Amino acid sequence: MKKSLYISALALMLAGTSFTSCSDFLDADNKTTANKTADDYLRLHPDEVLYEAYSSVYDFAATVAINEEGTDLYIPVRGRAASEFDQYTLNASNADVYSYYKALYKTINNANGAIYYNAQKINSAAYDAEAKFLRNWCYYLLTQQFGAVPYTLDYYKDYTTSFPRTPIADIYASCISELEDVYNAVNDGNITLSTKEGAPSKLAFAALISKFYLAKAWDLSVNLEGENVAPVSGNEDFAAAAKWAAIASGNTDGSDPNALSLTFEDKWSPNNVHNAEYIWGVEYNKATGIAHSLQNDYGNYYGECTKTGLKNVGSLHAQSEKSLYIFAPNDLRYEGTYMTTIYNYDNVTGWPNSGYYAAYKNPSYPKICYRYFPYYVTEAEVESELNSNKSKYAYSTDEGNNAPKAYILDATNSIKFDFSEDGSFEKTPYTYSVLSTQVAGGICVKKFDDVENAERVTSNGDYRSIPVFHTSDMYLTAAEAYYMAGNTELAEKYINAVRARANAGDVSLTDMSAYAGTYRYSPAAGGFKAIDIILDERARECYAERTRWIDLRRTKQLVRYNVAYNKFLMPGITVKTLRPIPTNELSNNSGIGGDQNPGY
């Protein structure tokens, strides 16, 4: 390649953030381009820049730390240190924050480039719509993490250094207007959206619109925080968020929700990713060689996977003590979220027919390595199961590295069961905080398991597409918005439609006594409120989906929940409800100057 195309984003991206493509058209002497310049070529092929916009999404789509840590649901275990996100000791030089911020603007500028080149020659309404969707999704993520940020619809090919922050109300208004214009044009037949895999559908636009309206309503209309938050009856933005979430979920008249037709297990099955509830997500394909690590990002450590044949989880984002209790008995989402039975491994059978992935490929495999029971299962019930299946737990040292164990996971009364050669067992009581210091002392999430590429278990190796918007998330978005708009009746219908699929029973948003005892609520959280029921339901339905920090920030519960549940929060440390604007941005962008977020 003799000449590369560099597309620079905002000033924050100036240090090594331009993208380079090695496609043939970038070679100035390539005869197939008739010696066109890159600009000449891209006017005829704006899809090339759109492709770069989609590709740049991989730089942030599976980011976990900034989206999950410092909340109530996840903890590091087995001696892994609490992060700056957990401890709220972030500063503006944090590399993870900068990488996330930079990656989002890279996609924005790529999307702006696609719009710019498309307008020069081709004028494809579909290209334009897709680029606008990506651009607005990135602005949504930026505003939820950083608040007011530099906002531009222009495409920058050159070094540019002056971008002031735009008031968040203006960003919300512009993004919503642009997305609604595209949706209405599609609805009126003036735009035909692409049907290729990964392109946003009309429902995806509705989903993103609902998220913007919900964020706008909370940020601009709710002044109280924590347990004092109450509905803002008649608020137009909350009502609009509810309407658009209902539309995105298929209820076009915004009335009662339909029953969810898939089981939760089927919805998250590795063989059924693009199912009826999948609205839009980030697409992965092994042929590209680009993978993520979400299947390995949530849970305990199970030993060296190349030797044990088990999952390569790294002791990060394991269950917190609160998350031990969020699933009540009979809630089918527990089994749909966590891998409760891990089969043993032998080198002859290999992956995936033994070891961790046998749960999908060979569930009749005769040996169990680890079995996990939730807090509500009694010792007597566990012992009955273990005694009825002694041959599955019988252990001989010549069978490999994995001595079978079973666990009841409870904050104060965890129990570990160790097995002998005949399948009999001994019990050892633990607290969860002690148990989680041990190998295999906790459960892992299975929602992102990529069974077809299980041989890549030692690396990122996960080519499973990542849902970003899906139907039950939209039901809960509608429930939250309807409740905050003062329509408790419809809010309950949407939240209970989600619970009905999970066999969890109905809840009331007005009778707190009906919810008492479903898990161990911390007195430090103060009074129990309807917003807690809504957030609990999001915790169950969307566990490990990288939404928790934004959910708590949006609903103004971040401080309250950290005080109540974050054991890593040190005395005297303030829980900051926005991330710092990165140092590199402050240094390179003269327009932003010293306009830093509070507390940094």
# chains A, B, ... in the order shown; residues from 1 in each chain; ligands from 1

$ residues_around --residues "Ile531 (chain A)" --least-positions-apart "4" --cutoff "8 Å" --atoms "only C-alpha atoms" --output "ChimeraX atom specification"
/A:229,480,535,555

$ residues_around --residues "Phe205 (chain A)" --least-positions-apart "6" --cutoff "9 Å" --atoms "only C-alpha atoms" --output "ChimeraX atom specification"
/A:133,179-180,182-183,248

$ residues_around --residues "region 458-460 of chain A" --least-positions-apart "6" --cutoff "9 Å" --atoms "only C-alpha atoms" --output "ChimeraX atom specification"
/A:291-296,304-306,311-312

$ select_by_dssp --residues "region 249-490 of chain A" --states "strand (DSSP E)" --output "VMD selection string"
chain A and resid 278 to 282 318 to 319 341 to 343 368 to 373 405 to 408 414 to 419 425 to 430 466 to 470

$ write_last_selection --atoms "C-alpha atoms" --output "short mmCIF file (atom, residue, chain, number, x, y, z; two decimals), in the first residue's frame"
data_model
loop_
_atom_site.label_atom_id
_atom_site.label_comp_id
_atom_site.auth_asym_id
_atom_site.auth_seq_id
_atom_site.Cartn_x
_atom_site.Cartn_y
_atom_site.Cartn_z
CA TYR A 278 -33.55 -9.54 18.72
CA ILE A 279 -34.14 -5.96 17.56
CA TRP A 280 -30.59 -4.86 16.80
CA GLY A 281 -27.09 -5.73 17.88
CA VAL A 282 -23.43 -5.83 16.95
CA ALA A 318 -18.71 -12.29 39.65
CA GLN A 319 -21.95 -12.25 41.63
CA THR A 341 -23.91 -27.51 35.99
CA ILE A 342 -20.39 -27.79 34.60
CA TYR A 343 -19.42 -31.22 33.31
CA ILE A 368 -20.20 -33.55 36.77
CA CYS A 369 -17.36 -31.29 37.85
CA TYR A 370 -19.19 -28.39 39.50
CA ARG A 371 -22.81 -27.98 40.53
CA TYR A 372 -24.18 -24.65 41.82
CA PHE A 373 -27.37 -24.16 43.82
CA LYS A 405 -17.68 -30.14 44.00
CA ALA A 406 -21.13 -28.75 44.65
CA TYR A 407 -22.07 -25.47 46.29
CA ILE A 408 -24.96 -23.65 47.88
CA SER A 414 -22.61 -21.02 51.77
CA ILE A 415 -21.79 -24.71 51.79
CA LYS A 416 -19.21 -26.60 49.75
CA PHE A 417 -19.66 -30.33 49.08
CA ASP A 418 -16.45 -32.30 48.37
CA PHE A 419 -16.77 -35.78 46.86
CA PHE A 425 -19.49 -36.16 50.17
CA GLU A 426 -18.37 -33.99 53.04
CA LYS A 427 -19.80 -30.55 53.77
CA THR A 428 -17.88 -27.42 54.67
CA PRO A 429 -19.68 -24.21 55.66
CA TYR A 430 -18.43 -20.87 54.33
CA ILE A 466 -24.23 -9.10 20.85
CA PRO A 467 -27.84 -7.96 21.30
CA VAL A 468 -28.05 -4.23 22.05
CA PHE A 469 -31.83 -3.75 21.82
CA HIS A 470 -34.27 -6.58 22.41
#

$ residues_around --residues "Val451 (chain A)" --least-positions-apart "2" --cutoff "9 Å" --atoms "only C-alpha atoms" --output "MDAnalysis selection string"
chainID A and resid 270:271 352 357 360:361 449 453:455 462 464

$ residues_around --residues "Met339 (chain A)" --least-positions-apart "5" --cutoff "9 Å" --atoms "only C-alpha atoms" --output "PyMOL selection string"
chain A and resi 334+356+359+371-372+443-447

$ residues_around --residues "Asn387 (chain A)" --least-positions-apart "5" --cutoff "9 Å" --atoms "only C-alpha atoms" --output "list in words"
Val382, Gly423, Ser424 and Phe425 of chain A

$ write_last_selection --atoms "N, CA and C atoms" --output "short mmCIF file (atom, residue, chain, number, x, y, z; two decimals), in the first residue's frame"
data_model
loop_
_atom_site.label_atom_id
_atom_site.label_comp_id
_atom_site.auth_asym_id
_atom_site.auth_seq_id
_atom_site.Cartn_x
_atom_site.Cartn_y
_atom_site.Cartn_z
N VAL A 382 -30.47 -30.38 48.38
CA VAL A 382 -29.20 -30.60 47.69
C VAL A 382 -28.70 -32.02 47.96
N GLY A 423 -18.61 -41.27 45.42
CA GLY A 423 -19.68 -40.29 45.25
C GLY A 423 -20.25 -39.76 46.55
N SER A 424 -19.77 -40.26 47.68
CA SER A 424 -20.19 -39.69 48.95
C SER A 424 -19.52 -38.33 49.13
N PHE A 425 -19.98 -37.54 50.08
CA PHE A 425 -19.49 -36.16 50.17
C PHE A 425 -19.33 -35.71 51.61
#

$ atom_distance --atom1 "CA of Tyr515 (chain A)" --atom2 "CA of Asn251 (chain A)"
27.9 Å

$ closest_residue --among "A:Ala491, A:Asp72, A:Ser233, A:Asp96" --to "Ile326 (chain A)" --atoms "only C-alpha atoms"
A:Asp72

$ closest_atom_pairs --of "region 149-224 of chain A" --to "region 50-63 of chain A" --cutoff "12 Å" --atoms "only C-alpha atoms" --output "tab-separated table"
residue	atom	partner	partner_atom	distance
A:Glu197	CA	A:Tyr54	CA	11.7
A:Gly198	CA	A:Tyr54	CA	8.8
A:Ala199	CA	A:Tyr54	CA	9.3
A:Pro200	CA	A:Tyr54	CA	11.3

$ write_last_selection --atoms "all heavy atoms" --output "compact mmCIF listing (two decimals), in the first residue's frame"
# COMPACT_ATOMS: atom_id res chain seq x y z
N GLU A 197 -27.83 -8.24 7.32
CA GLU A 197 -27.65 -8.54 8.74
C GLU A 197 -26.80 -7.45 9.39
O GLU A 197 -25.75 -7.08 8.90
CB GLU A 197 -26.96 -9.90 8.90
CG GLU A 197 -26.95 -10.41 10.33
CD GLU A 197 -26.48 -11.85 10.41
OE1 GLU A 197 -25.25 -12.06 10.48
OE2 GLU A 197 -27.33 -12.76 10.36
N GLY A 198 -27.28 -6.93 10.52
CA GLY A 198 -26.56 -5.90 11.23
C GLY A 198 -27.06 -4.50 10.96
O GLY A 198 -26.77 -3.58 11.73
N ALA A 199 -27.81 -4.31 9.87
CA ALA A 199 -28.37 -2.99 9.59
C ALA A 199 -29.56 -2.74 10.52
O ALA A 199 -30.32 -3.64 10.82
CB ALA A 199 -28.80 -2.90 8.14
N PRO A 200 -29.74 -1.49 10.98
CA PRO A 200 -30.86 -1.21 11.87
C PRO A 200 -32.20 -1.27 11.14
O PRO A 200 -32.33 -0.77 10.02
CB PRO A 200 -30.57 0.21 12.36
CG PRO A 200 -29.72 0.82 11.28
CD PRO A 200 -28.90 -0.31 10.74

$ select_by_dssp --residues "region 529-568 of chain A" --states "helix (DSSP H, G or I)" --output "VMD selection string"
chain A and resid 530 to 541 548 to 554 558 to 565

$ write_last_selection --atoms "N, CA, C and O atoms" --output "JSON list (two decimals), in the first residue's frame"
[["chain", "number", "residue", "atom", "x", "y", "z"],
["A", 530, "ALA", "N", -40.82, 1.98, 44.37],
["A", 530, "ALA", "CA", -41.17, 1.35, 43.09],
["A", 530, "ALA", "C", -39.99, 1.35, 42.13],
["A", 530, "ALA", "O", -39.82, 0.40, 41.36],
["A", 531, "ILE", "N", -39.16, 2.40, 42.17],
["A", 531, "ILE", "CA", -38.02, 2.43, 41.26],
["A", 531, "ILE", "C", -37.07, 1.28, 41.54],
["A", 531, "ILE", "O", -36.39, 0.77, 40.64],
["A", 532, "ASP", "N", -37.03, 0.79, 42.79],
["A", 532, "ASP", "CA", -36.20, -0.37, 43.11],
["A", 532, "ASP", "C", -36.75, -1.64, 42.47],
["A", 532, "ASP", "O", -35.99, -2.49, 42.01],
["A", 533, "ILE", "N", -38.06, -1.77, 42.43],
["A", 533, "ILE", "CA", -38.66, -2.93, 41.78],
["A", 533, "ILE", "C", -38.30, -2.92, 40.29],
["A", 533, "ILE", "O", -37.94, -3.96, 39.71],
["A", 534, "ILE", "N", -38.38, -1.75, 39.67],
["A", 534, "ILE", "CA", -38.06, -1.65, 38.24],
["A", 534, "ILE", "C", -36.59, -1.97, 38.00],
["A", 534, "ILE", "O", -36.24, -2.72, 37.08],
["A", 535, "LEU", "N", -35.70, -1.45, 38.84],
["A", 535, "LEU", "CA", -34.27, -1.72, 38.68],
["A", 535, "LEU", "C", -33.94, -3.18, 38.99],
["A", 535, "LEU", "O", -33.06, -3.77, 38.35],
["A", 536, "ASP", "N", -34.62, -3.76, 39.96],
["A", 536, "ASP", "CA", -34.43, -5.19, 40.23],
["A", 536, "ASP", "C", -34.80, -6.03, 39.01],
["A", 536, "ASP", "O", -34.13, -7.00, 38.67],
["A", 537, "GLU", "N", -35.89, -5.63, 38.36],
["A", 537, "GLU", "CA", -36.32, -6.40, 37.19],
["A", 537, "GLU", "C", -35.33, -6.25, 36.05],
["A", 537, "GLU", "O", -35.05, -7.21, 35.32],
["A", 538, "ARG", "N", -34.77, -5.06, 35.89],
["A", 538, "ARG", "CA", -33.73, -4.89, 34.88],
["A", 538, "ARG", "C", -32.49, -5.71, 35.24],
["A", 538, "ARG", "O", -31.82, -6.24, 34.35],
["A", 539, "ALA", "N", -32.20, -5.83, 36.53],
["A", 539, "ALA", "CA", -31.06, -6.64, 36.94],
["A", 539, "ALA", "C", -31.26, -8.10, 36.56],
["A", 539, "ALA", "O", -30.32, -8.77, 36.10],
["A", 540, "ARG", "N", -32.45, -8.61, 36.72],
["A", 540, "ARG", "CA", -32.72, -10.02, 36.38],
["A", 540, "ARG", "C", -32.74, -10.23, 34.86],
["A", 540, "ARG", "O", -32.13, -11.17, 34.36],
["A", 541, "GLU", "N", -33.47, -9.39, 34.19],
["A", 541, "GLU", "CA", -33.67, -9.60, 32.75],
["A", 541, "GLU", "C", -32.44, -9.25, 31.94],
["A", 541, "GLU", "O", -32.18, -9.88, 30.91],
["A", 548, "ARG", "N", -25.79, -1.77, 33.56],
["A", 548, "ARG", "CA", -26.14, -1.48, 34.95],
["A", 548, "ARG", "C", -25.71, -0.09, 35.40],
["A", 548, "ARG", "O", -26.47, 0.61, 36.06],
["A", 549, "TRP", "N", -24.50, 0.34, 35.06],
["A", 549, "TRP", "CA", -24.06, 1.65, 35.51],
["A", 549, "TRP", "C", -24.95, 2.74, 34.92],
["A", 549, "TRP", "O", -25.37, 3.66, 35.63],
["A", 550, "ILE", "N", -25.25, 2.63, 33.65],
["A", 550, "ILE", "CA", -26.12, 3.63, 33.02],
["A", 550, "ILE", "C", -27.52, 3.58, 33.62],
["A", 550, "ILE", "O", -28.15, 4.62, 33.85],
["A", 551, "ASP", "N", -28.04, 2.38, 33.91],
["A", 551, "ASP", "CA", -29.36, 2.27, 34.52],
["A", 551, "ASP", "C", -29.41, 3.01, 35.86],
["A", 551, "ASP", "O", -30.37, 3.73, 36.16],
["A", 552, "LEU", "N", -28.39, 2.81, 36.69],
["A", 552, "LEU", "CA", -28.37, 3.45, 38.01],
["A", 552, "LEU", "C", -28.13, 4.96, 37.89],
["A", 552, "LEU", "O", -28.73, 5.74, 38.64],
["A", 553, "ARG", "N", -27.27, 5.35, 36.97],
["A", 553, "ARG", "CA", -27.03, 6.79, 36.79],
["A", 553, "ARG", "C", -28.28, 7.49, 36.29],
["A", 553, "ARG", "O", -28.68, 8.54, 36.80],
["A", 554, "ARG", "N", -28.89, 6.88, 35.25],
["A", 554, "ARG", "CA", -30.08, 7.50, 34.65],
["A", 554, "ARG", "C", -31.16, 7.72, 35.70],
["A", 554, "ARG", "O", -31.77, 8.79, 35.76],
["A", 558, "LEU", "N", -27.50, 5.91, 41.56],
["A", 558, "LEU", "CA", -26.11, 5.44, 41.57],
["A", 558, "LEU", "C", -25.46, 5.65, 42.93],
["A", 558, "LEU", "O", -24.80, 4.73, 43.47],
["A", 559, "VAL", "N", -25.62, 6.81, 43.52],
["A", 559, "VAL", "CA", -25.02, 7.09, 44.83],
["A", 559, "VAL", "C", -25.65, 6.19, 45.89],
["A", 559, "VAL", "O", -24.95, 5.53, 46.68],
["A", 560, "ARG", "N", -26.95, 6.15, 45.91],
["A", 560, "ARG", "CA", -27.67, 5.37, 46.91],
["A", 560, "ARG", "C", -27.29, 3.89, 46.86],
["A", 560, "ARG", "O", -27.02, 3.27, 47.88],
["A", 561, "TYR", "N", -27.22, 3.32, 45.65],
["A", 561, "TYR", "CA", -26.92, 1.90, 45.53],
["A", 561, "TYR", "C", -25.46, 1.59, 45.86],
["A", 561, "TYR", "O", -25.16, 0.53, 46.41],
["A", 562, "ASN", "N", -24.57, 2.50, 45.55],
["A", 562, "ASN", "CA", -23.18, 2.27, 45.91],
["A", 562, "ASN", "C", -22.98, 2.34, 47.42],
["A", 562, "ASN", "O", -22.24, 1.53, 48.00],
["A", 563, "VAL", "N", -23.62, 3.29, 48.08],
["A", 563, "VAL", "CA", -23.53, 3.39, 49.53],
["A", 563, "VAL", "C", -24.07, 2.12, 50.18],
["A", 563, "VAL", "O", -23.51, 1.61, 51.16],
["A", 564, "ALA", "N", -25.14, 1.58, 49.62],
["A", 564, "ALA", "CA", -25.78, 0.41, 50.22],
["A", 564, "ALA", "C", -25.08, -0.91, 49.89],
["A", 564, "ALA", "O", -25.03, -1.81, 50.73],
["A", 565, "TYR", "N", -24.50, -1.04, 48.68],
["A", 565, "TYR", "CA", -24.08, -2.36, 48.21],
["A", 565, "TYR", "C", -22.63, -2.48, 47.78],
["A", 565, "TYR", "O", -22.14, -3.60, 47.60]]

$ atom_distance --atom1 "CA of Ala497 (chain A)" --atom2 "CA of Gly226 (chain A)"
26.3 Å

$ residues_around --residues "Gly189 (chain A)" --least-positions-apart "4" --cutoff "12 Å" --atoms "only C-alpha atoms" --output "number ranges by chain"
A: 125-126, 182-185, 193, 202

$ write_last_selection --atoms "C-alpha atoms" --output "PDB file, in the first residue's frame"
ATOM      1  CA  ALA A 125     -31.250   6.976   1.666  1.00  0.00           C
ATOM      2  CA  ALA A 126     -30.451   3.590   3.217  1.00  0.00           C
ATOM      3  CA  VAL A 182     -35.711   8.751   9.598  1.00  0.00           C
ATOM      4  CA  TYR A 183     -38.378   6.612  11.287  1.00  0.00           C
ATOM      5  CA  ASN A 184     -41.200   8.685   9.817  1.00  0.00           C
ATOM      6  CA  ALA A 185     -39.637   8.596   6.340  1.00  0.00           C
ATOM      7  CA  LEU A 193     -33.877   0.400   4.951  1.00  0.00           C
ATOM      8  CA  LYS A 202     -37.422   0.433  11.816  1.00  0.00           C
TER       9      LYS A 202
END

$ atom_distance --atom1 "CA of Leu104 (chain A)" --atom2 "CA of Leu141 (chain A)"
8.0 Å

$ closest_residue --among "A:Tyr600, A:Tyr475, A:Tyr463, A:Phe163" --to "Pro257 (chain A)" --atoms "only C-alpha atoms"
A:Tyr475

$ closest_residue --among "A:Tyr395, A:Trp268, A:Tyr338, A:Tyr100" --to "Pro366 (chain A)" --atoms "only C-alpha atoms"
A:Tyr395

$ closest_residue --among "A:Ala103, A:Ala358, A:Gln596, A:Asn112" --to "Leu142 (chain A)" --atoms "only C-alpha atoms"
A:Ala103
